[in-house]
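Peer 1: If you scroll down you'll find the structure; I have some questions about it.
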Amino acid sequence: MFEQRQRPFRLIFWTLVLIGFALFFVPAFIIRPFRYQSPGALHLALVFRQIAPIGTIVAACGVLVVAVRSWRGASRRQRVLLTLGSLLVIASATMARLNYFEWMFHPVQQPGFEKADDVKLDAGEMVLTVTINGEARAYPVREMAYHHIVNDVVGGVPIAATY
Amino acid sequence: MGGRVLHFYLAGINNQNFLMRDRETGTWWQQISGKAIFGKLKGESLELAPFDELSFGLWKKESPGGQVLAPVARYQKKYESKWEDEVLKLPVPVSFPGTALKSRDVVVGLVVDGEARAYPVDTIVKQSPIQDRLGGKPILLVAGTDGKSVRAFLSRIDGADIELFRKSDSKDFALIDAEGSSEWNFKGCAVSGPLAGKCLSELAAIKDYWFDWRNYHADTSVYRH
């Protein structure tokens, strides 16, 4: 009798764990540096990422409710599984809120600038350059290859320099 | 975008071309095209600001009062001076066997009136100046005296096509037009003769790896001569 009462809960529990995990993991798996991404796969990843911040929280709440409700009647082994499932979906909910791409390539918060004459750069170093309304800027490729994006205003025009 | 300033951050990578999002709307943008591919502003395009990729020495000569992005002290040690060699070792996510170039050959990509063409940087440096036609228009590609900086222009002045040649007796960068009357500099401006002060309009020359350029420009041709 007891076992049968638990079964639907178990199904709901693991379905929610799977959904929560997939919402984080599928985009993370698709959007990897060295793997080919078809347009369809990329679209799927972006859809998942869009739903993920809310979706993972809903899944995590559901998982926790089921875990708490089943805790009393659960065996030791079942409690370990309930804990693991809960942790997995909580971790997914956390990751869905973090931009792990910025862990590797730290953004430039406030770009600073130096006069061309004061800069110690080899003459042969490559720079990305723009001149807008008479204002000239250079972004050394060596720095851009690390930060990738710099938001800036040049000659009154907002630009994003990318590399 | 529509009178609103957007601020971008790195948010993903797609076949080694990055994806960015803006803090204001959360829309996803593709780096190479500046197009919004997903989210609120999907379908919109950022305007490409006229830019160059030059050696510091050359730029400094052209823009003595210019300003240079300062290194961020915390990360300065992580900037790679040999990053290009490092990148060469990385695998490519997509390749195009049977095409004229190798995946990591560096090309300058041009699009004129919808026609795309890739110009291997090595070829431009060797043959500079290159005269070509793209999208039915006359194109000029030149390499600077540093052997690295490359520019592309629409080779037309006041509606008339113009051909420029390397000035043979000059050590510095100098082009001369067919009439031999005006001399032109690396900025595409005439510095002497009857056309002095006139400048060719510059084209956006995107420096890219062949596989990446080809991946986003399926119908691109490759310059060969």
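Please note that chains go A, B, ... in the order of the structure tokens, that every chain numbers its residues from 1, and that ligands are numbered from 1 in the order shown.
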For chain B, which residues have at least one atom within 9 Å of chain A, if we go by only C-alpha atoms? Write them as a VMD selection string, please.

Peer 2: chain B and resid 5 to 18 20 28 31 37 to 39 49 to 60 63 to 72 75 to 76 78 to 83 90 to 94 146 148 to 149

Peer 1: Please provide the set of residues having any atom within 12 Å of Trp71 (chain A), restricted to only C-alpha atoms, with same-chain residues fewer than 2 positions apart removed, written as JSON, numbers by chain.

Peer 2: {"A": [6, 9, 10, 63, 64, 65, 66, 67, 68, 69, 73, 74, 75, 76, 77, 78, 79, 80, 81, 82, 83]}

Peer 1: Dump C-alpha atoms for the selected residues as a compact mmCIF listing (two decimals), in the first residue's frame?

Peer 2:
```
# COMPACT_ATOMS: atom_id res chain seq x y z
CA GLN A 6 4.76 6.86 -3.17
CA PHE A 9 5.46 11.23 -6.14
CA ARG A 10 8.62 9.54 -7.28
CA VAL A 63 11.24 19.08 -6.15
CA LEU A 64 11.63 20.46 -2.64
CA VAL A 65 7.91 20.13 -1.87
CA VAL A 66 7.91 16.49 -2.97
CA ALA A 67 11.16 15.82 -1.08
CA VAL A 68 9.81 17.28 2.15
CA ARG A 69 6.51 15.43 1.82
CA GLY A 73 8.18 7.62 4.91
CA ALA A 74 11.41 7.31 2.98
CA SER A 75 14.12 4.75 3.58
CA ARG A 76 17.71 5.77 4.06
CA ARG A 77 18.53 5.05 0.42
CA GLN A 78 15.50 7.02 -0.76
CA ARG A 79 16.54 9.98 1.40
CA VAL A 80 19.97 10.02 -0.20
CA LEU A 81 18.30 10.07 -3.63
CA LEU A 82 15.88 12.82 -2.57
CA THR A 83 18.81 14.91 -1.35
```

Peer 1: I need the strand (DSSP E) residues of chain A per DSSP on the backbone, written as a list in words.

Peer 2: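 Restricting chain A to strand (DSSP E) produces Phe113, Glu114, Lys115, Met126, Val127, Leu128, Thr129, Val130, Thr131, Ile132, Glu135, Ala136, Arg137, Ala138, Tyr139, Pro140, Ile149, Val150, Asn151, Asp152, Val153, Val154, Val157, Pro158, Ile159, Ala160, Ala161 and Thr162 of chain A.
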
Peer 1: So how many Å separate CA of Ile12 (chain A) and CA of Met95 (chain A), to one decimal?

Peer 2: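 Value for the CA of Ile12 (chain A)-CA of Met95 (chain A) distance: 22.3 Å.
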
Peer 1: Could you give me the residues within chain A that DSSP places in alpha helix (DSSP H), as number ranges by chain?

Peer 2: A: 2-30, 39-71, 76-95, 101-104, 141-147

Peer 1: What would the file look like if the residues just selected were written as a PDB file, in the first residue's frame with C-alpha atoms?

Peer 2:
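What ended up in again_5.pdb:
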```
ATOM      1  CA  PHE A   2       2.681   2.415   1.145  1.00  0.00           C
ATOM      2  CA  GLU A   3       4.869   1.770  -1.905  1.00  0.00           C
ATOM      3  CA  GLN A   4       2.000   2.430  -4.272  1.00  0.00           C
ATOM      4  CA  ARG A   5       1.178   5.753  -2.631  1.00  0.00           C
ATOM      5  CA  GLN A   6       4.760   6.857  -3.165  1.00  0.00           C
ATOM      6  CA  ARG A   7       5.077   5.930  -6.808  1.00  0.00           C
ATOM      7  CA  PRO A   8       3.412   8.998  -8.409  1.00  0.00           C
ATOM      8  CA  PHE A   9       5.461  11.233  -6.136  1.00  0.00           C
ATOM      9  CA  ARG A  10       8.619   9.541  -7.278  1.00  0.00           C
ATOM     10  CA  LEU A  11       7.677  10.072 -10.916  1.00  0.00           C
ATOM     11  CA  ILE A  12       6.897  13.756 -10.324  1.00  0.00           C
ATOM     12  CA  PHE A  13      10.124  14.181  -8.370  1.00  0.00           C
ATOM     13  CA  TRP A  14      12.429  12.787 -11.019  1.00  0.00           C
ATOM     14  CA  THR A  15      10.568  14.480 -13.887  1.00  0.00           C
ATOM     15  CA  LEU A  16      11.018  17.841 -12.194  1.00  0.00           C
ATOM     16  CA  VAL A  17      14.686  17.120 -11.469  1.00  0.00           C
ATOM     17  CA  LEU A  18      15.187  16.222 -15.104  1.00  0.00           C
ATOM     18  CA  ILE A  19      13.403  19.343 -16.373  1.00  0.00           C
ATOM     19  CA  GLY A  20      15.341  21.632 -14.030  1.00  0.00           C
ATOM     20  CA  PHE A  21      18.641  20.033 -14.976  1.00  0.00           C
ATOM     21  CA  ALA A  22      17.875  20.044 -18.713  1.00  0.00           C
ATOM     22  CA  LEU A  23      17.014  23.749 -18.665  1.00  0.00           C
ATOM     23  CA  PHE A  24      20.550  24.467 -17.490  1.00  0.00           C
ATOM     24  CA  PHE A  25      22.425  21.646 -19.170  1.00  0.00           C
ATOM     25  CA  VAL A  26      21.036  21.622 -22.721  1.00  0.00           C
ATOM     26  CA  PRO A  27      22.105  25.202 -23.531  1.00  0.00           C
ATOM     27  CA  ALA A  28      25.408  24.711 -21.702  1.00  0.00           C
ATOM     28  CA  PHE A  29      26.027  21.597 -23.775  1.00  0.00           C
ATOM     29  CA  ILE A  30      25.052  23.156 -27.101  1.00  0.00           C
ATOM     30  CA  PRO A  39      21.026  27.075 -36.344  1.00  0.00           C
ATOM     31  CA  GLY A  40      18.273  24.787 -35.012  1.00  0.00           C
ATOM     32  CA  ALA A  41      20.337  23.605 -32.061  1.00  0.00           C
ATOM     33  CA  LEU A  42      21.326  27.153 -31.245  1.00  0.00           C
ATOM     34  CA  HIS A  43      17.705  28.238 -31.325  1.00  0.00           C
ATOM     35  CA  LEU A  44      16.726  25.397 -28.994  1.00  0.00           C
ATOM     36  CA  ALA A  45      19.534  26.373 -26.620  1.00  0.00           C
ATOM     37  CA  LEU A  46      18.396  29.992 -26.579  1.00  0.00           C
ATOM     38  CA  VAL A  47      14.772  29.018 -25.960  1.00  0.00           C
ATOM     39  CA  PHE A  48      15.886  26.860 -23.020  1.00  0.00           C
ATOM     40  CA  ARG A  49      18.069  29.656 -21.682  1.00  0.00           C
ATOM     41  CA  GLN A  50      15.198  32.067 -21.874  1.00  0.00           C
ATOM     42  CA  ILE A  51      12.879  29.805 -19.898  1.00  0.00           C
ATOM     43  CA  ALA A  52      15.597  28.608 -17.534  1.00  0.00           C
ATOM     44  CA  PRO A  53      15.688  31.383 -14.913  1.00  0.00           C
ATOM     45  CA  ILE A  54      11.991  30.900 -14.081  1.00  0.00           C
ATOM     46  CA  GLY A  55      11.711  27.264 -15.156  1.00  0.00           C
ATOM     47  CA  THR A  56      14.485  26.037 -12.911  1.00  0.00           C
ATOM     48  CA  ILE A  57      13.031  27.854  -9.886  1.00  0.00           C
ATOM     49  CA  VAL A  58       9.590  26.307 -10.486  1.00  0.00           C
ATOM     50  CA  ALA A  59      11.188  22.876 -10.869  1.00  0.00           C
ATOM     51  CA  ALA A  60      13.306  23.396  -7.743  1.00  0.00           C
ATOM     52  CA  CYS A  61      10.270  24.429  -5.672  1.00  0.00           C
ATOM     53  CA  GLY A  62       8.323  21.402  -6.881  1.00  0.00           C
ATOM     54  CA  VAL A  63      11.237  19.083  -6.149  1.00  0.00           C
ATOM     55  CA  LEU A  64      11.629  20.462  -2.639  1.00  0.00           C
ATOM     56  CA  VAL A  65       7.908  20.131  -1.873  1.00  0.00           C
ATOM     57  CA  VAL A  66       7.912  16.491  -2.966  1.00  0.00           C
ATOM     58  CA  ALA A  67      11.163  15.821  -1.084  1.00  0.00           C
ATOM     59  CA  VAL A  68       9.814  17.277   2.151  1.00  0.00           C
ATOM     60  CA  ARG A  69       6.508  15.433   1.824  1.00  0.00           C
ATOM     61  CA  SER A  70       8.140  12.074   1.097  1.00  0.00           C
ATOM     62  CA  TRP A  71      10.928  12.449   3.642  1.00  0.00           C
ATOM     63  CA  ARG A  76      17.711   5.772   4.062  1.00  0.00           C
ATOM     64  CA  ARG A  77      18.527   5.053   0.418  1.00  0.00           C
ATOM     65  CA  GLN A  78      15.501   7.018  -0.758  1.00  0.00           C
ATOM     66  CA  ARG A  79      16.537   9.976   1.400  1.00  0.00           C
ATOM     67  CA  VAL A  80      19.968  10.015  -0.200  1.00  0.00           C
ATOM     68  CA  LEU A  81      18.301  10.073  -3.634  1.00  0.00           C
ATOM     69  CA  LEU A  82      15.878  12.817  -2.567  1.00  0.00           C
ATOM     70  CA  THR A  83      18.811  14.912  -1.348  1.00  0.00           C
ATOM     71  CA  LEU A  84      20.863  14.350  -4.491  1.00  0.00           C
ATOM     72  CA  GLY A  85      17.935  15.209  -6.759  1.00  0.00           C
ATOM     73  CA  SER A  86      17.204  18.365  -4.795  1.00  0.00           C
ATOM     74  CA  LEU A  87      20.823  19.479  -4.889  1.00  0.00           C
ATOM     75  CA  LEU A  88      21.030  18.863  -8.629  1.00  0.00           C
ATOM     76  CA  VAL A  89      18.014  21.014  -9.408  1.00  0.00           C
ATOM     77  CA  ILE A  90      19.121  23.755  -6.994  1.00  0.00           C
ATOM     78  CA  ALA A  91      22.548  23.788  -8.655  1.00  0.00           C
ATOM     79  CA  SER A  92      20.839  24.032 -12.064  1.00  0.00           C
ATOM     80  CA  ALA A  93      18.708  26.959 -10.873  1.00  0.00           C
ATOM     81  CA  THR A  94      21.854  28.716  -9.663  1.00  0.00           C
ATOM     82  CA  MET A  95      23.782  28.108 -12.884  1.00  0.00           C
ATOM     83  CA  PHE A 101      31.110  33.079 -20.049  1.00  0.00           C
ATOM     84  CA  GLU A 102      32.130  36.160 -18.108  1.00  0.00           C
ATOM     85  CA  TRP A 103      34.089  34.015 -15.652  1.00  0.00           C
ATOM     86  CA  MET A 104      36.582  33.251 -18.392  1.00  0.00           C
ATOM     87  CA  VAL A 141      44.009  43.494 -30.023  1.00  0.00           C
ATOM     88  CA  ARG A 142      45.953  41.848 -27.197  1.00  0.00           C
ATOM     89  CA  GLU A 143      43.491  43.328 -24.691  1.00  0.00           C
ATOM     90  CA  MET A 144      40.464  42.767 -26.895  1.00  0.00           C
ATOM     91  CA  ALA A 145      41.345  39.099 -27.387  1.00  0.00           C
ATOM     92  CA  TYR A 146      40.886  38.729 -23.636  1.00  0.00           C
ATOM     93  CA  HIS A 147      37.916  40.991 -22.857  1.00  0.00           C
TER      94      HIS A 147
END
```

Peer 1: So how far away is CA of Asp172 (chain B) from CA of Val125 (chain B), in Å?

Peer 2: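 Atom-to-atom, CA of Val125 (chain B) to CA of Asp172 (chain B), that is 14.7 Å.
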
Peer 1: Can you tell me, as a PyMOL selection string, what residues are no more than 9 Å from Leu134 (chain B) when counting only C-alpha atoms, ignoring any on the same chain fewer than 2 positions away?

Peer 2: chain B and resi 110-113+115-117+132+136-139

Peer 1: Could you name the residues that touch Phe96 (chain B) at 9 Å or less, counting only C-alpha atoms, but leaving out those on the same chain fewer than 6 positions away, as a list in words?

Peer 2: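 In the requested format, the answer is Lys102, Ser103, Phe211, Arg214 and Asn215 of chain B.
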
Peer 1: Selection from above, C-alpha atoms, as a short mmCIF file (atom, residue, chain, number, x, y, z; two decimals), in the first residue's frame, can you write it?

Peer 2:
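Written file, out-v7.cif:
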```cif
data_model
loop_
_atom_site.label_atom_id
_atom_site.label_comp_id
_atom_site.auth_asym_id
_atom_site.auth_seq_id
_atom_site.Cartn_x
_atom_site.Cartn_y
_atom_site.Cartn_z
CA LYS B 102 42.42 26.49 -45.08
CA SER B 103 40.15 26.98 -42.07
CA PHE B 211 35.97 29.16 -41.80
CA ARG B 214 32.57 31.30 -44.99
CA ASN B 215 30.19 30.07 -42.31
#
```

Peer 1: Identify which of the residues B:Asp122, B:Asp85, B:Asp158, B:Asp219 lies closest to Ser201 (chain B), counting only C-alpha atoms when measuring atom-to-atom distances.

Peer 2: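 Using only C-alpha atoms, the shortest distance to Ser201 (chain B) belongs to B:Asp158.
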